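Quick look at model-v3.cif (mmCIF, C-alpha atoms):
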```
data_query
#
loop_
_atom_site.label_atom_id
_atom_site.label_comp_id
_atom_site.auth_asym_id
_atom_site.auth_seq_id
_atom_site.Cartn_x
_atom_site.Cartn_y
_atom_site.Cartn_z
CA MET A 1 42.23 -49.03 2.28
CA SER A 2 42.06 -49.93 -1.41
CA ARG A 3 40.49 -47.74 -4.03
CA PRO A 4 36.72 -48.30 -4.10
CA PRO A 5 35.93 -50.76 -6.92
CA LEU A 6 33.41 -49.50 -9.46
CA LEU A 7 31.75 -52.93 -9.61
CA GLN A 8 30.59 -52.31 -6.04
CA ILE A 9 29.79 -48.62 -6.49
CA ILE A 10 27.74 -48.79 -9.70
CA PRO A 11 24.93 -51.03 -8.34
CA LEU A 12 24.67 -48.79 -5.27
CA ALA A 13 24.52 -45.73 -7.52
CA ALA A 14 21.81 -47.45 -9.53
CA LEU A 15 19.69 -47.72 -6.38
CA THR A 16 19.45 -43.93 -6.11
CA GLY A 17 19.10 -43.68 -9.87
CA VAL A 18 15.94 -45.78 -10.05
CA GLY A 19 14.28 -43.49 -7.53
CA MET A 20 15.11 -40.49 -9.70
CA LEU A 21 13.87 -42.31 -12.80
CA ALA A 22 10.48 -42.62 -11.12
CA THR A 23 9.95 -38.92 -11.84
CA ASP A 24 12.30 -37.92 -14.67
CA LEU A 25 11.18 -40.76 -16.93
CA TYR A 26 7.53 -39.71 -17.20
CA LEU A 27 7.92 -35.92 -17.33
CA PRO A 28 7.36 -35.81 -21.14
CA ALA A 29 4.12 -37.77 -20.66
CA LEU A 30 2.40 -35.27 -18.33
CA PRO A 31 0.09 -33.73 -20.99
CA HIS A 32 -0.91 -37.19 -22.28
CA LEU A 33 -1.41 -38.41 -18.74
CA ALA A 34 -3.79 -35.53 -18.05
CA HIS A 35 -5.82 -36.36 -21.16
CA ASP A 36 -5.97 -40.08 -20.44
CA LEU A 37 -7.08 -39.58 -16.82
CA GLY A 38 -9.61 -36.87 -17.66
CA THR A 39 -7.99 -34.09 -15.64
CA ASP A 40 -5.90 -30.96 -16.17
CA VAL A 41 -2.15 -30.35 -16.17
CA PRO A 42 -2.04 -28.51 -12.78
CA THR A 43 -3.66 -31.52 -11.12
CA VAL A 44 -1.22 -33.87 -12.82
CA GLN A 45 1.62 -31.67 -11.55
CA ALA A 46 0.59 -32.78 -8.06
CA THR A 47 1.96 -36.24 -8.92
CA ILE A 48 5.41 -34.59 -8.97
CA SER A 49 5.04 -32.34 -5.93
CA SER A 50 3.57 -35.17 -3.80
CA PHE A 51 6.55 -37.35 -4.70
CA MET A 52 9.08 -34.63 -3.83
CA ILE A 53 7.43 -33.75 -0.51
CA ALA A 54 7.30 -37.42 0.48
CA LEU A 55 10.92 -37.88 -0.62
CA ALA A 56 12.08 -34.96 1.55
CA LEU A 57 10.17 -36.03 4.66
CA SER A 58 11.12 -39.68 4.22
CA GLN A 59 14.79 -38.78 4.70
CA LEU A 60 14.16 -38.18 8.39
CA PHE A 61 12.16 -41.42 8.69
CA TRP A 62 14.71 -43.66 6.95
CA GLY A 63 17.57 -41.98 8.80
CA ALA A 64 15.92 -42.82 12.10
CA VAL A 65 15.11 -46.47 11.32
CA ALA A 66 18.01 -47.54 9.09
CA ASP A 67 20.21 -48.86 11.89
CA LYS A 68 17.25 -50.49 13.62
CA LEU A 69 16.12 -52.30 10.47
CA GLY A 70 19.65 -52.76 9.11
CA MET A 71 21.03 -51.27 5.89
CA ARG A 72 20.03 -54.28 3.80
CA ASN A 73 16.47 -54.48 5.13
CA THR A 74 16.03 -50.73 4.73
CA LEU A 75 17.05 -50.88 1.08
CA LEU A 76 14.91 -53.95 0.48
CA ALA A 77 11.91 -52.14 1.97
CA GLY A 78 12.54 -49.06 -0.16
CA VAL A 79 13.04 -51.04 -3.37
CA ALA A 80 9.95 -53.13 -2.64
CA LEU A 81 7.91 -49.93 -2.29
CA LEU A 82 9.36 -48.64 -5.57
CA ALA A 83 8.44 -51.84 -7.38
CA ALA A 84 4.95 -52.14 -5.87
CA THR A 85 4.06 -48.50 -6.47
CA GLY A 86 5.49 -48.70 -9.99
CA VAL A 87 2.92 -51.39 -10.74
CA ALA A 88 0.20 -49.45 -8.91
CA CYS A 89 0.97 -46.25 -10.86
CA ALA A 90 0.93 -48.16 -14.15
CA LEU A 91 -2.52 -49.51 -13.31
CA ALA A 92 -3.96 -46.29 -11.82
CA SER A 93 -7.43 -45.51 -13.14
CA ASP A 94 -7.70 -41.91 -11.92
CA VAL A 95 -5.42 -39.06 -10.93
CA ASP A 96 -6.31 -39.17 -7.22
CA ALA A 97 -5.08 -42.76 -6.98
CA LEU A 98 -1.97 -41.85 -8.93
CA ILE A 99 -1.16 -39.03 -6.50
CA ILE A 100 -1.48 -41.44 -3.55
CA TYR A 101 0.74 -44.05 -5.22
CA ARG A 102 3.31 -41.40 -6.13
CA THR A 103 3.42 -40.21 -2.52
CA ILE A 104 4.22 -43.74 -1.34
CA GLN A 105 6.72 -44.07 -4.17
CA GLY A 106 8.51 -40.96 -2.88
CA ILE A 107 8.83 -42.62 0.53
CA GLY A 108 10.32 -45.72 -1.11
CA ALA A 109 12.81 -43.69 -3.15
CA GLY A 110 14.06 -42.01 0.02
CA ALA A 111 15.58 -45.22 1.43
CA ALA A 112 18.41 -45.35 -1.10
CA THR A 113 19.29 -41.65 -0.84
CA VAL A 114 19.82 -42.15 2.90
CA VAL A 115 21.49 -45.56 2.97
CA VAL A 116 23.85 -45.44 -0.03
CA PRO A 117 25.98 -42.50 1.23
CA VAL A 118 26.12 -44.16 4.66
CA LEU A 119 27.38 -47.44 3.19
CA LEU A 120 30.06 -45.69 1.17
CA ARG A 121 31.15 -43.45 4.03
CA ARG A 122 31.45 -46.35 6.46
CA ARG A 123 33.28 -48.55 3.98
CA PHE A 124 35.98 -46.16 2.78
CA THR A 125 38.41 -43.59 4.15
CA ASP A 126 37.98 -39.88 3.35
CA ALA A 127 39.54 -39.64 -0.12
CA ASP A 128 38.15 -43.00 -1.28
CA ALA A 129 34.72 -42.04 0.05
CA VAL A 130 34.91 -38.85 -2.04
CA ARG A 131 35.61 -40.98 -5.12
CA ALA A 132 32.77 -43.38 -4.36
CA ILE A 133 30.24 -40.63 -3.63
CA SER A 134 31.43 -38.82 -6.78
CA TRP A 135 30.38 -41.79 -8.90
CA VAL A 136 26.99 -41.87 -7.22
CA SER A 137 26.66 -38.14 -7.96
CA ILE A 138 27.64 -38.75 -11.58
CA ALA A 139 24.87 -41.31 -11.92
CA GLU A 140 22.42 -38.90 -10.33
CA SER A 141 23.46 -36.13 -12.73
CA ILE A 142 23.18 -38.27 -15.88
CA ILE A 143 19.65 -39.48 -15.19
CA PRO A 144 17.87 -36.08 -15.40
CA ALA A 145 19.59 -35.52 -18.74
CA ILE A 146 18.76 -38.84 -20.42
CA ALA A 147 15.60 -40.01 -18.67
CA PRO A 148 13.22 -37.55 -20.42
CA VAL A 149 14.65 -38.66 -23.78
CA ILE A 150 14.07 -42.32 -22.93
CA GLY A 151 10.65 -41.46 -21.51
CA THR A 152 9.69 -39.72 -24.75
CA GLY A 153 10.63 -42.81 -26.75
CA ILE A 154 8.61 -45.06 -24.45
CA LEU A 155 5.66 -42.67 -24.66
CA LEU A 156 5.66 -42.77 -28.45
CA VAL A 157 5.96 -46.55 -28.60
CA SER A 158 3.75 -47.83 -25.79
CA GLY A 159 2.24 -44.98 -23.74
CA TRP A 160 2.93 -43.32 -20.39
CA ARG A 161 2.03 -46.35 -18.25
CA SER A 162 5.06 -48.25 -19.59
CA ASN A 163 7.36 -45.78 -17.83
CA PHE A 164 6.07 -46.97 -14.47
CA TRP A 165 6.32 -50.62 -15.50
CA LEU A 166 9.99 -49.97 -16.34
CA VAL A 167 10.62 -48.48 -12.88
CA ALA A 168 9.07 -51.56 -11.27
CA ILE A 169 11.17 -53.95 -13.37
CA LEU A 170 14.42 -52.07 -12.71
CA ALA A 171 13.70 -52.03 -8.97
CA LEU A 172 13.25 -55.81 -8.96
CA ILE A 173 16.46 -56.32 -10.96
CA LEU A 174 18.40 -54.52 -8.20
CA LEU A 175 17.26 -56.88 -5.43
CA PRO A 176 20.03 -59.50 -5.96
CA PHE A 177 22.68 -56.75 -5.86
CA ILE A 178 21.35 -55.53 -2.52
CA LEU A 179 21.55 -59.03 -1.07
CA ALA A 180 25.10 -59.50 -2.41
CA LEU A 181 26.65 -56.11 -1.61
CA VAL A 182 24.89 -54.77 1.47
CA PRO A 183 25.67 -56.24 4.89
CA GLY A 184 22.92 -57.27 7.26
CA ARG A 185 22.17 -55.56 10.53
CA GLN A 186 25.19 -54.04 12.27
CA ILE A 187 25.13 -52.94 15.90
CA LEU A 188 27.18 -49.74 15.94
CA HIS A 189 26.38 -48.46 19.41
CA SER A 190 25.85 -49.67 22.92
CA PRO A 191 22.28 -50.00 24.27
CA GLU A 192 22.72 -47.10 26.68
CA GLU A 193 23.99 -44.71 23.99
CA THR A 194 21.48 -42.05 22.91
CA ILE A 195 20.95 -42.14 19.15
CA SER A 196 18.52 -39.41 18.12
CA TYR A 197 18.27 -36.30 15.98
CA PRO A 198 18.68 -34.01 19.04
CA ALA A 199 21.95 -35.82 19.81
CA LEU A 200 23.09 -35.43 16.20
CA LEU A 201 22.21 -31.73 16.07
CA GLN A 202 24.51 -31.07 18.99
CA ASN A 203 27.39 -31.79 16.60
CA ARG A 204 28.19 -28.27 15.36
CA ALA A 205 30.67 -29.44 12.74
CA PHE A 206 28.02 -31.68 11.17
CA LEU A 207 25.45 -28.88 11.19
CA ARG A 208 27.86 -26.55 9.40
CA ASP A 209 28.85 -29.08 6.74
CA ALA A 210 25.22 -30.15 6.25
CA THR A 211 24.17 -26.54 5.77
CA VAL A 212 27.07 -25.95 3.36
CA TYR A 213 25.89 -28.87 1.24
CA GLY A 214 22.24 -27.86 1.53
CA LEU A 215 22.96 -24.32 0.33
CA THR A 216 25.15 -25.57 -2.53
CA PHE A 217 22.60 -28.15 -3.68
CA GLY A 218 19.79 -25.62 -3.17
CA ALA A 219 21.58 -23.09 -5.37
CA LEU A 220 21.82 -25.71 -8.12
CA ILE A 221 18.13 -26.63 -8.01
CA THR A 222 17.07 -22.99 -7.70
CA PHE A 223 18.80 -22.06 -10.95
CA VAL A 224 17.79 -25.24 -12.81
CA ALA A 225 14.14 -24.68 -11.91
CA SER A 226 14.35 -21.05 -13.04
CA ALA A 227 16.39 -21.62 -16.20
CA PRO A 228 13.60 -22.62 -18.67
CA HIS A 229 11.65 -19.43 -17.94
CA LEU A 230 14.78 -17.27 -17.90
CA ILE A 231 16.05 -18.64 -21.21
CA GLU A 232 12.73 -18.03 -22.93
CA GLN A 233 12.25 -14.57 -21.43
CA TRP A 234 15.87 -13.44 -21.52
CA SER A 235 17.11 -14.84 -24.83
CA GLY A 236 13.94 -15.66 -26.72
CA ARG A 237 15.10 -19.27 -27.11
CA GLY A 238 12.97 -22.37 -26.62
CA PRO A 239 13.28 -25.64 -24.65
CA GLY A 240 16.09 -26.86 -26.90
CA THR A 241 18.44 -24.27 -25.44
CA PHE A 242 17.61 -25.37 -21.91
CA ALA A 243 18.29 -28.98 -22.90
CA LEU A 244 21.65 -27.92 -24.37
CA MET A 245 22.51 -26.05 -21.17
CA GLN A 246 21.68 -29.13 -19.10
CA VAL A 247 23.78 -31.44 -21.27
CA CYS A 248 26.76 -29.07 -21.07
CA GLY A 249 26.33 -28.64 -17.32
CA VAL A 250 26.05 -32.38 -16.68
CA SER A 251 29.13 -33.03 -18.84
CA SER A 252 31.11 -30.45 -16.89
CA PHE A 253 29.97 -31.97 -13.60
CA ILE A 254 30.96 -35.47 -14.69
CA VAL A 255 34.45 -34.39 -15.69
CA ALA A 256 35.03 -32.60 -12.38
CA ALA A 257 33.43 -35.27 -10.19
CA SER A 258 35.39 -38.06 -11.88
CA ARG A 259 38.60 -36.32 -10.79
CA ALA A 260 37.43 -35.42 -7.28
CA GLY A 261 38.63 -38.64 -5.65
CA ALA A 262 42.17 -38.33 -7.04
CA MET A 263 42.30 -34.68 -6.03
CA ALA A 264 41.08 -35.50 -2.53
CA HIS A 265 43.96 -37.98 -2.19
CA ARG A 266 46.43 -35.22 -3.06
CA CYS A 267 45.05 -32.20 -1.23
CA GLY A 268 42.41 -33.41 1.24
CA THR A 269 38.67 -32.86 1.39
CA TYR A 270 38.69 -29.31 2.75
CA LYS A 271 40.98 -27.92 0.03
CA LEU A 272 38.82 -29.65 -2.54
CA MET A 273 35.72 -28.03 -1.03
CA LYS A 274 37.47 -24.67 -1.10
CA ALA A 275 38.54 -25.06 -4.74
CA GLY A 276 35.00 -25.99 -5.78
CA ALA A 277 33.58 -23.02 -3.88
CA ILE A 278 35.95 -20.60 -5.62
CA VAL A 279 34.98 -22.01 -9.03
CA GLN A 280 31.30 -21.57 -8.16
CA LEU A 281 31.93 -18.02 -6.95
CA PHE A 282 33.48 -17.11 -10.31
CA SER A 283 30.52 -18.69 -12.11
CA VAL A 284 27.87 -16.72 -10.20
CA ALA A 285 29.93 -13.55 -10.63
CA GLY A 286 29.69 -14.20 -14.37
CA LEU A 287 25.92 -14.66 -14.15
CA ILE A 288 25.60 -11.38 -12.24
CA ALA A 289 27.74 -9.60 -14.85
CA LEU A 290 25.52 -10.96 -17.64
CA GLY A 291 22.47 -9.65 -15.80
CA ILE A 292 23.97 -6.21 -15.22
CA VAL A 293 25.21 -5.56 -18.74
CA GLU A 294 22.18 -7.39 -20.22
CA ILE A 295 24.09 -9.61 -22.60
CA HIS A 296 21.37 -11.82 -24.00
CA HIS A 297 23.55 -14.42 -25.71
CA VAL A 298 23.20 -17.99 -24.50
CA VAL A 299 26.85 -18.97 -25.01
CA PRO A 300 28.22 -17.02 -22.00
CA LEU A 301 25.24 -18.20 -19.94
CA ILE A 302 26.02 -21.83 -20.74
CA LEU A 303 29.72 -21.30 -20.01
CA CYS A 304 28.88 -19.84 -16.59
CA TRP A 305 26.60 -22.79 -15.89
CA MET A 306 29.30 -25.27 -16.90
CA LEU A 307 31.68 -23.56 -14.47
CA PHE A 308 29.07 -23.75 -11.70
CA CYS A 309 28.51 -27.47 -12.28
CA ALA A 310 32.26 -28.14 -12.37
CA GLY A 311 32.56 -26.45 -8.98
CA LEU A 312 29.75 -28.62 -7.64
CA GLY A 313 31.49 -31.72 -8.99
CA LEU A 314 34.51 -30.88 -6.85
CA ARG A 315 32.64 -29.57 -3.86
CA GLY A 316 29.56 -31.77 -3.51
CA PRO A 317 31.11 -35.23 -2.87
CA SER A 318 33.79 -33.82 -0.56
CA THR A 319 31.18 -31.90 1.46
CA VAL A 320 28.98 -34.99 1.84
CA THR A 321 32.02 -36.99 2.94
CA ARG A 322 32.89 -34.43 5.62
CA ALA A 323 29.29 -34.10 6.77
CA LEU A 324 29.09 -37.86 7.30
CA SER A 325 32.34 -37.91 9.28
CA VAL A 326 30.35 -38.29 12.47
CA PRO A 327 30.52 -41.28 14.84
CA LYS A 328 29.37 -44.39 12.96
CA SER A 329 26.36 -44.73 15.23
CA LEU A 330 25.07 -41.39 13.89
CA THR A 331 25.79 -41.75 10.16
CA SER A 332 22.27 -42.93 9.24
CA LEU A 333 20.67 -40.01 11.04
CA ALA A 334 23.27 -37.67 9.54
CA SER A 335 22.56 -38.87 6.00
CA GLY A 336 18.79 -38.49 6.48
CA PHE A 337 19.06 -34.99 7.90
CA LEU A 338 21.61 -33.96 5.25
CA MET A 339 19.31 -34.83 2.36
CA PHE A 340 16.22 -33.47 4.11
CA LEU A 341 17.99 -30.13 4.58
CA ALA A 342 19.22 -30.10 0.96
CA LEU A 343 15.75 -30.78 -0.43
CA THR A 344 14.14 -28.25 1.92
CA LEU A 345 16.57 -25.47 1.00
CA SER A 346 16.06 -26.35 -2.67
CA GLY A 347 12.33 -25.88 -2.26
CA ILE A 348 12.76 -22.56 -0.43
CA GLY A 349 15.21 -21.24 -3.02
CA THR A 350 12.97 -22.30 -5.91
CA GLN A 351 9.95 -20.64 -4.30
CA ILE A 352 11.81 -17.35 -3.74
CA ALA A 353 13.13 -17.44 -7.31
CA GLY A 354 9.55 -17.80 -8.55
CA PHE A 355 8.82 -14.27 -7.32
CA LEU A 356 11.93 -12.91 -9.06
CA LEU A 357 11.63 -14.46 -12.51
CA HIS A 358 9.70 -11.57 -14.02
CA TYR A 359 12.61 -9.25 -13.27
CA GLY A 360 15.07 -11.18 -15.41
CA LEU A 361 18.40 -12.90 -14.84
CA LEU A 362 20.02 -10.50 -12.37
CA PRO A 363 17.84 -11.07 -9.26
CA VAL A 364 17.93 -14.86 -9.72
CA ALA A 365 21.71 -14.72 -10.15
CA LEU A 366 21.97 -12.62 -6.97
CA LEU A 367 19.87 -15.16 -5.07
CA VAL A 368 22.08 -18.03 -6.22
CA ALA A 369 25.18 -15.96 -5.38
CA ALA A 370 23.85 -15.27 -1.87
CA MET A 371 23.41 -19.01 -1.28
CA ILE A 372 26.94 -19.75 -2.49
CA LEU A 373 28.46 -16.93 -0.41
CA ALA A 374 26.61 -18.10 2.69
CA SER A 375 27.89 -21.62 2.14
CA MET A 376 31.46 -20.31 1.79
CA VAL A 377 31.21 -18.40 5.08
CA LEU A 378 30.01 -21.51 6.89
CA GLN A 379 32.61 -23.64 5.17
CA LYS A 380 35.38 -21.40 6.50
CA ASP A 381 33.91 -21.53 10.01
CA THR A 382 33.79 -25.33 9.82
CA ALA A 383 37.46 -25.54 9.01
CA SER A 384 38.45 -23.25 11.87
CA ALA A 385 36.16 -24.91 14.43
#
```

Just give me the structure as structure tokens.
Amino acid sequence: MSRPPLLQIIPLAALTGVGMLATDLYLPALPHLAHDLGTDVPTVQATISSFMIALALSQLFWGAVADKLGMRNTLLAGVALLAATGVACALASDVDALIIYRTIQGIGAGAATVVVPVLLRRRFTDADAVRAISWVSIAESIIPAIAPVIGTGILLVSGWRSNFWLVAILALILLPFILALVPGRQILHSPEETISYPALLQNRAFLRDATVYGLTFGALITFVASAPHLIEQWSGRGPGTFALMQVCGVSSFIVAASRAGAMAHRCGTYKLMKAGAIVQLFSVAGLIALGIVEIHHVVPLILCWMLFCAGLGLRGPSTVTRALSVPKSLTSLASGFLMFLALTLSGIGTQIAGFLLHYGLLPVALLVAAMILASMVLQKDTASA
């Protein structure tokens, strides 16, 4: 098959990006939002946690109904929810209403994270699918870096409600692209074939690859969530250092992910997964060494993080491609379960790290290393199965 054209990939990547914008864009506005709605910051934080919980659980829902509704109708439903709840959030008069709207918005955002990988995996062969999914991952990595900056500018000019209006407008702009690029309902299985999560979970190769990706993604989120506190406690630096670390990490990821498709053509998806895992192993070994010798300089920390993100850029898209190499009738369920598992393991890792932060860098680095090592063990088993 031909190389996946970027003009088809970019609009699909934008679909997942708008869902991420729904949270990242208004993060700088949280203190102002609390003041305007007459509540406190912990209560406002629930607008984030409610979104994330709904996003995680919605993966299973959208995975189960995507083939029944059709890929196009599923995306249209998700984008419609994003647009409607964007307007509702912008008009919310109290924090309780905002939490409800954000929960529904999380459900809407989940449609694209399930359907887009399925569309790309069904459309392209292994190496081309790696390239296509890499570009989606690049879009997803850029948004957390630039959205808070854009959100801050919007906050200063027109207030926090404008962030939600922007999400609604962007969601509506994407509707014509969905109609043009996404096929209607496709019947991929016979009526007597059993299509269910229990049937999917009998596929041991999928379970292994899904767990490999979940652990890898969970390790990323675990460290990112811990980094602001660690940087302040460990190096005495402020939020600017965390922002610098994120920019460097995202840049490293983009460089690696942009080459992943070409490398997959040359060496195959498994060797690419293995190469990325080795790079990540070296990076977490560096973090552990920094924790042991108590070097409190941020430069080696940032270099280790760049190495970790480069490994993820190689490993992430190839792992998703392999995990979705199930029978076409099961790809929607596989995509839903894959992202549900990744988000769940991210939450577990972040929660465990919360109990370790007071002890410094070393225990958090060991936790991240344990997740990477576990993923490498499963990855080897998958290849030999």

Spatial neighbours of segment 279-281 of chain A, 6 Å, all atoms listed in the file, chain gap at least 3 places, as a PyMOL selection string:
chain A and resi 276+284+308+311

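Between atom CA of Cys309 of chain A and atom CA of Leu378 of chain A lies a distance of 20.1 Å.
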
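Close to (27.9, -17.9, -15.7), meaning no more than 6 Å away when counting all atoms listed in the file, sit the residues Ser283, Val284, Gly286, Leu287, Leu301, Leu303, Cys304 and Trp305 of chain A.
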
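Residues matched by the PyMOL selection byres ((chain A and resi 345-351) around 7) in this structure: Gly214, Leu215, Phe217, Gly218, Ala219, Ile221, Thr222, Ala225, Leu341, Ala342, Leu343, Thr344, Ile352, Ala353 and Gly354 of chain A.
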
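Atom CA of Phe124 of chain A sits 16.8 Å away from atom CA of Ser258 of chain A.
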
Can you list, as a list in words, the residues that the PyMOL selection byres ((chain A and resi 21) around 8) selects here?
Gly17, Val18, Gly19, Met20, Ala22, Thr23, Asp24, Leu25, Ile143, Pro144, Ala147 and Val167 of chain A

Once you count all atoms listed in the file, which residues end up no further than 10 Å from (34.7, -37.6, -13.6) in the file's frame, shown as a PDB file with C-alpha atoms, keeping the file's coordinate frame?
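File result11.pdb, as written:
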```
ATOM      1  CA  ARG A 131      35.610 -40.980  -5.120  1.00  0.00           C
ATOM      2  CA  SER A 134      31.430 -38.820  -6.780  1.00  0.00           C
ATOM      3  CA  TRP A 135      30.380 -41.790  -8.900  1.00  0.00           C
ATOM      4  CA  SER A 137      26.660 -38.140  -7.960  1.00  0.00           C
ATOM      5  CA  ILE A 138      27.640 -38.750 -11.580  1.00  0.00           C
ATOM      6  CA  SER A 251      29.130 -33.030 -18.840  1.00  0.00           C
ATOM      7  CA  SER A 252      31.110 -30.450 -16.890  1.00  0.00           C
ATOM      8  CA  PHE A 253      29.970 -31.970 -13.600  1.00  0.00           C
ATOM      9  CA  ILE A 254      30.960 -35.470 -14.690  1.00  0.00           C
ATOM     10  CA  VAL A 255      34.450 -34.390 -15.690  1.00  0.00           C
ATOM     11  CA  ALA A 256      35.030 -32.600 -12.380  1.00  0.00           C
ATOM     12  CA  ALA A 257      33.430 -35.270 -10.190  1.00  0.00           C
ATOM     13  CA  SER A 258      35.390 -38.060 -11.880  1.00  0.00           C
ATOM     14  CA  ARG A 259      38.600 -36.320 -10.790  1.00  0.00           C
ATOM     15  CA  ALA A 260      37.430 -35.420  -7.280  1.00  0.00           C
ATOM     16  CA  GLY A 261      38.630 -38.640  -5.650  1.00  0.00           C
ATOM     17  CA  ALA A 262      42.170 -38.330  -7.040  1.00  0.00           C
ATOM     18  CA  ALA A 310      32.260 -28.140 -12.370  1.00  0.00           C
ATOM     19  CA  GLY A 313      31.490 -31.720  -8.990  1.00  0.00           C
ATOM     20  CA  LEU A 314      34.510 -30.880  -6.850  1.00  0.00           C
TER      21      LEU A 314
END
```

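Note that the spacing between atom CA of Val326 of chain A and atom CA of Arg208 of chain A amounts to 12.4 Å.
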
Could I get the residues of segment 4-51 of chain A with an atom no further than 9 Å from an atom of segment 78-97 of chain A, each paired with its nearest atom pair and that distance in Å to one decimal, using only C-alpha atoms, sorted by chain and residue number, as JSON lines?
```
{"residue": "A:Leu15", "atom": "CA", "partner": "A:Val79", "partner_atom": "CA", "distance": 8.0}
{"residue": "A:Val18", "atom": "CA", "partner": "A:Leu82", "partner_atom": "CA", "distance": 8.5}
{"residue": "A:Gly19", "atom": "CA", "partner": "A:Leu82", "partner_atom": "CA", "distance": 7.4}
{"residue": "A:Ala22", "atom": "CA", "partner": "A:Gly86", "partner_atom": "CA", "distance": 7.9}
{"residue": "A:Leu33", "atom": "CA", "partner": "A:Val95", "partner_atom": "CA", "distance": 8.8}
{"residue": "A:Ala34", "atom": "CA", "partner": "A:Val95", "partner_atom": "CA", "distance": 8.1}
{"residue": "A:Asp36", "atom": "CA", "partner": "A:Asp94", "partner_atom": "CA", "distance": 8.9}
{"residue": "A:Leu37", "atom": "CA", "partner": "A:Asp94", "partner_atom": "CA", "distance": 5.5}
{"residue": "A:Gly38", "atom": "CA", "partner": "A:Asp94", "partner_atom": "CA", "distance": 7.9}
{"residue": "A:Thr39", "atom": "CA", "partner": "A:Val95", "partner_atom": "CA", "distance": 7.3}
{"residue": "A:Thr43", "atom": "CA", "partner": "A:Val95", "partner_atom": "CA", "distance": 7.7}
{"residue": "A:Val44", "atom": "CA", "partner": "A:Val95", "partner_atom": "CA", "distance": 6.9}
{"residue": "A:Thr47", "atom": "CA", "partner": "A:Val95", "partner_atom": "CA", "distance": 8.2}
```

Take the selection from the previous step and output its residues with C-alpha atoms, as a compact mmCIF listing (two decimals), in the frame of the given file.
```txt
# COMPACT_ATOMS: atom_id res chain seq x y z
CA LEU A 15 19.69 -47.72 -6.38
CA VAL A 18 15.94 -45.78 -10.05
CA GLY A 19 14.28 -43.49 -7.53
CA ALA A 22 10.48 -42.62 -11.12
CA LEU A 33 -1.41 -38.41 -18.74
CA ALA A 34 -3.79 -35.53 -18.05
CA ASP A 36 -5.97 -40.08 -20.44
CA LEU A 37 -7.08 -39.58 -16.82
CA GLY A 38 -9.61 -36.87 -17.66
CA THR A 39 -7.99 -34.09 -15.64
CA THR A 43 -3.66 -31.52 -11.12
CA VAL A 44 -1.22 -33.87 -12.82
CA THR A 47 1.96 -36.24 -8.92
```

When the PyMOL selection byres ((chain A and resi 123) around 12) is applied to the structure above, which residues does it catch, written out as an MDAnalysis selection string?
chainID A and resid 1:5 8:9 116:122 124:130 132:133 181:183 321 324:325 328 331

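Contact shell of Gly110 of chain A at 7 Å (all atoms listed in the file; same-chain neighbours under 2 positions omitted): Leu55, Ser58, Gln59, Gly106, Ile107, Gly108, Ala112, Thr113 and Val114 of chain A.
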
Any idea what's packed within 8 Å of segment 246-248 of chain A, counting only C-alpha atoms, ignoring anything in its chain fewer than 3 positions away? Could you give it as a PyMOL selection string?
chain A and resi 145+242-243+251-252+302+306

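Among the candidates A:Phe177, A:Ala227, A:Ser196, A:Arg204, the one nearest to Asp67 of chain A when counting all atoms listed in the file is A:Ser196.
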
I'd like the neighbourhood of Ala323 of chain A as a ChimeraX atom specification, where a residue qualifies if any of its atoms comes within 8 Å (using all atoms listed in the file), though same-chain residues fewer than 6 positions away should be ignored.
/A:205-207,209-210,334,338

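Of the listed residues (A:Ala77, A:Ala374, A:Ala46, A:Leu290), A:Ala77 comes nearest to Ala171 of chain A; the distances count only C-alpha atoms.
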
For Gly291 of chain A, the closest of A:Val368, A:Leu361, A:Val65, A:Val136 counting all atoms listed in the file is A:Leu361
